[in-house]
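Trainee: Got a structure for you, questions after.
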Amino acid sequence: MIHSSQGRLQDRRPLAVIDIGSNSVRLVVYEGVARSPTVLFNEKMMVGLGRGIVSTGRLDTQAVIRAVEELRRFRALADQAGAVSLHVIATAAVREAENGMDFVAKAEEILGVPIRVLSGKEEASYSAQGVISAFFSPDGIVGDLGGGSLELVDVSNESFDHRTTLPLGGLRLQEMAKQSLSNAAKIAREELRRVDFLKQAKGRSFYCVGGTWRNLARLHMIATGYPLPVMQHYKFDLGDLAKFLNEIAKGDIGDIDGIKSISKTRRALLPYGAVVLREIIDAMKPKNVVVSAFGVREGYLYSQLPEQERERDPLISAAEELAILRARSVTHARELVAWTDDAFDIFGIDETEEEARYRHAACLLADIGWRAHPEYRGTQSFNIIANGSFIGIDHPGRAFVALANLFRHEGIYEDLVSSEMKALAGSRYVKRACILGALLRVVYLFSASMPGVIQKLKWQKGKGGALSLVVPASHADLIGERPKSRMKILADVLDRPMDIIAGD
């Protein structure tokens with residue numbers, strides 16, 4: 001066994017991926033190949049291999065020296081983390097530079113594994129697969145902005161089509177434009193004008209991939225006072241996005257709130273990222289602009305999964321894994337999923353496919369806070385869920401799942417929730433979080449968080465919309481004052497008569 005900690009899944013074997021980009025070199029060690037991958041270790045260095053490549057045609061000499069030494073460290077770190085395999089990919093700068101293959105030869109000697117230098121189409125394909133793996137039924141254009149290039153791909157559900165690579169990466173664009181942001185805008189506009197499928201995607205989503213755009217999103221969150229600082233599936237507010245991008249694109253960003261949280265090497269490229277994104281929005285006119293924390297690396301991992309594993313729901317997969325690691329019984333959590341299916345059907349609550357998925361996730365995560373002090377279980381569960389590294393869920397969905405578990409522990413008190421979080425969730429999700437939280441507060445008093453009882457509790461319809469929870473005679477001793485009082489709360493939330501009775 002590689003490790004003894006029970007905080008890790010015992011059937012996983014770590015693997016490492018090194019991504020050699022035009023601006024950064026990054027090592028990510030994953031817990032294993034999984035539908036919803038978990039990061040064990042993550043480190044990057046802003047090297048700038050592609051700096052000056054437009055004028056010289058070569059990788060920057062000093063950057064090569066720094067990168068080679070860093071790769072030596074990354075190899076040692078991968079070994080230290082127990083990675084059973086090491087995968088290395090390289091993108092625009094390495095594939096285009098005259099001395100790119102010389103660098104690859106040196107790097108392969110140090111790393112002891114072959115380096116896969118991705119073509120522009122391969123890079124675009126992996127970016128697309130990264131987004132496909134991270135979103136529920138994505139539909140739109142994926143844009144992956146690196147230091148050397150911009151990849152654009154049309155995605156729809158689990159398929160992708162129409163790929164192109166443009167020379168609009170931050171470092172390259174900065175050099176091509178001779179440090180002029182107005183020139184950069186003209187270059188970006190001209191390059192994007194040639195991409196017919198971008199204009200044809202009007203009214204669909206645009207998915208932002210890459211560190212420059214993620215940092216723009218971080219600044220936008222700070223500027224707007226956004227209540228959930230989670231990058232994955234963050235949607236820019238289109239109402240003020242143009243003004244925000246125009247401000248960044250002026251280049252004078254030294255006094256912008258939050259700028260000190262971004263590395264100095266990244267800051268210089270932010271205006272160029274803003275210029276490119278602004279031109280994409282003008283050309284495409286998307287219905288929304290969404291950030292993806294997943295890109296080429298995760299797309300590469302996704303491509304390694306068996307087809308059956310790729311078809312799994314990443315949100316449910318991650319929620320089940322967290323239940324295995326933190327809940328008293330993952331079997332009990334799975335029983336809750338099926339039991340609440342029946343309950344919501346009896347209650348007459350209509351759900352979209354996405355809403356049902358979120359409810360299932362909330363059930364699977366309903367017991368992850370049990371080791372905390374009773375007074376903090378709700379808050380701890382809320383924070384873990386709201387800020388967790390989940391994929392396949394949007395921010396209102398996160399708010400719903402987190403709120404349902406807050407209410408499950410703390411009671412149905414909407415005053416526990418900030419006005420900002422309520423606004424993020426929306427009234428429909430807040431109401432449903434109250435219903436699910438109240439329902440879980442009832443059923444946990446019968447199950448004691450252990451499996452084997454929940455499926456025996458049945459609903460019986462009465463007159464005038466009344467509902468009774470029927471407890472079998474064999475378990476009638478579980479009926480008591482406290483479950484009845486909680487059932488009254490559920491009845492109030494649903495605004496219908498409800499009680500608990502013993503059955504045959």
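Every chain in the structure tokens has a letter given in the order shown (A, B, ...), and although residue numbers restart at 1 in each chain, ligands are simply numbered from 1 in the order shown.
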Please, which residues in region 22-87 of chain A fall within 10 Å of region 384-402 of chain A when counting only C-alpha atoms, and what is the closest atom pair and distance in Å to one decimal for each, ordered by chain then residue number, as a tab-separated table?

Mentor:
```
residue	atom	partner	partner_atom	distance
A:Arg35	CA	A:Ile391	CA	9.8
A:Ser36	CA	A:Ile391	CA	7.1
A:Pro37	CA	A:Ser389	CA	9.3
A:Thr38	CA	A:Ser389	CA	8.1
A:Val39	CA	A:Ser389	CA	9.4
```

Trainee: Using DSSP secondary structure from the backbone, list all strand (DSSP E) positions within region 160-366 of chain A, as a PyMOL selection string.

Mentor: chain A and resi 160-166+205-209+235-236+288-291

Trainee: With a distance cut-off of 8 Å and only C-alpha atoms, select the neighbouring residues of region 293-305 of chain A, excluding the residue or stretch itself and same-chain residues fewer than 6 positions from it, and output the selection as a list in words.

Mentor: Val17, Asp19, Val33, Ala34, Arg35, Glu123, Ala124, Ser125, Tyr126, Ser127, Ala128, Gln129, Gly130, Val131, Ser133, Ala134, Asp144, Val209, Gly210, Arg214, Met231, Gln232 and His233 of chain A

Trainee: Residues as selected, C-alpha atoms, written as a short mmCIF file (atom, residue, chain, number, x, y, z; two decimals), in the first residue's frame, can you do that?

Mentor:
```
data_model
loop_
_atom_site.label_atom_id
_atom_site.label_comp_id
_atom_site.auth_asym_id
_atom_site.auth_seq_id
_atom_site.Cartn_x
_atom_site.Cartn_y
_atom_site.Cartn_z
CA VAL A 17 1.07 15.46 -15.41
CA ASP A 19 2.26 20.82 -18.69
CA VAL A 33 -7.49 8.60 -12.97
CA ALA A 34 -11.11 9.39 -12.11
CA ARG A 35 -14.22 11.02 -13.54
CA GLU A 123 -4.34 21.16 -27.92
CA ALA A 124 -7.79 22.41 -28.94
CA SER A 125 -9.23 18.90 -28.64
CA TYR A 126 -7.93 18.39 -25.10
CA SER A 127 -9.19 21.83 -24.08
CA ALA A 128 -12.62 20.89 -25.39
CA GLN A 129 -12.56 17.58 -23.54
CA GLY A 130 -11.57 19.40 -20.36
CA VAL A 131 -14.71 21.53 -20.60
CA SER A 133 -15.61 16.72 -18.49
CA ALA A 134 -16.33 19.67 -16.17
CA ASP A 144 -8.26 28.31 -24.23
CA VAL A 209 -9.99 28.43 -20.17
CA GLY A 210 -6.53 29.55 -19.08
CA ARG A 214 -9.17 32.99 -14.50
CA MET A 231 -13.59 29.74 -10.22
CA GLN A 232 -15.24 26.71 -11.80
CA HIS A 233 -18.49 27.71 -13.54
#
```

Trainee: Could you tell me how far CA of Ile20 (chain A) sits from CA of Leu111 (chain A), in Å to one decimal place?

Mentor: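 Between CA of Leu111 (chain A) and CA of Ile20 (chain A) the gap is 12.5 Å.
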
Trainee: Report as a PyMOL selection string all protein, DNA and RNA residues lying within 10 Å of His332 (chain A), evaluated on only C-alpha atoms, omitting residues in the same chain fewer than 4 positions from it.

Mentor: chain A and resi 323+327-328+336-337+363-364+366-367+444+447-455

Trainee: Which distance in Å separates CA of Val142 (chain A) and CA of Ala93 (chain A), to one decimal?

Mentor: 20.5 Å
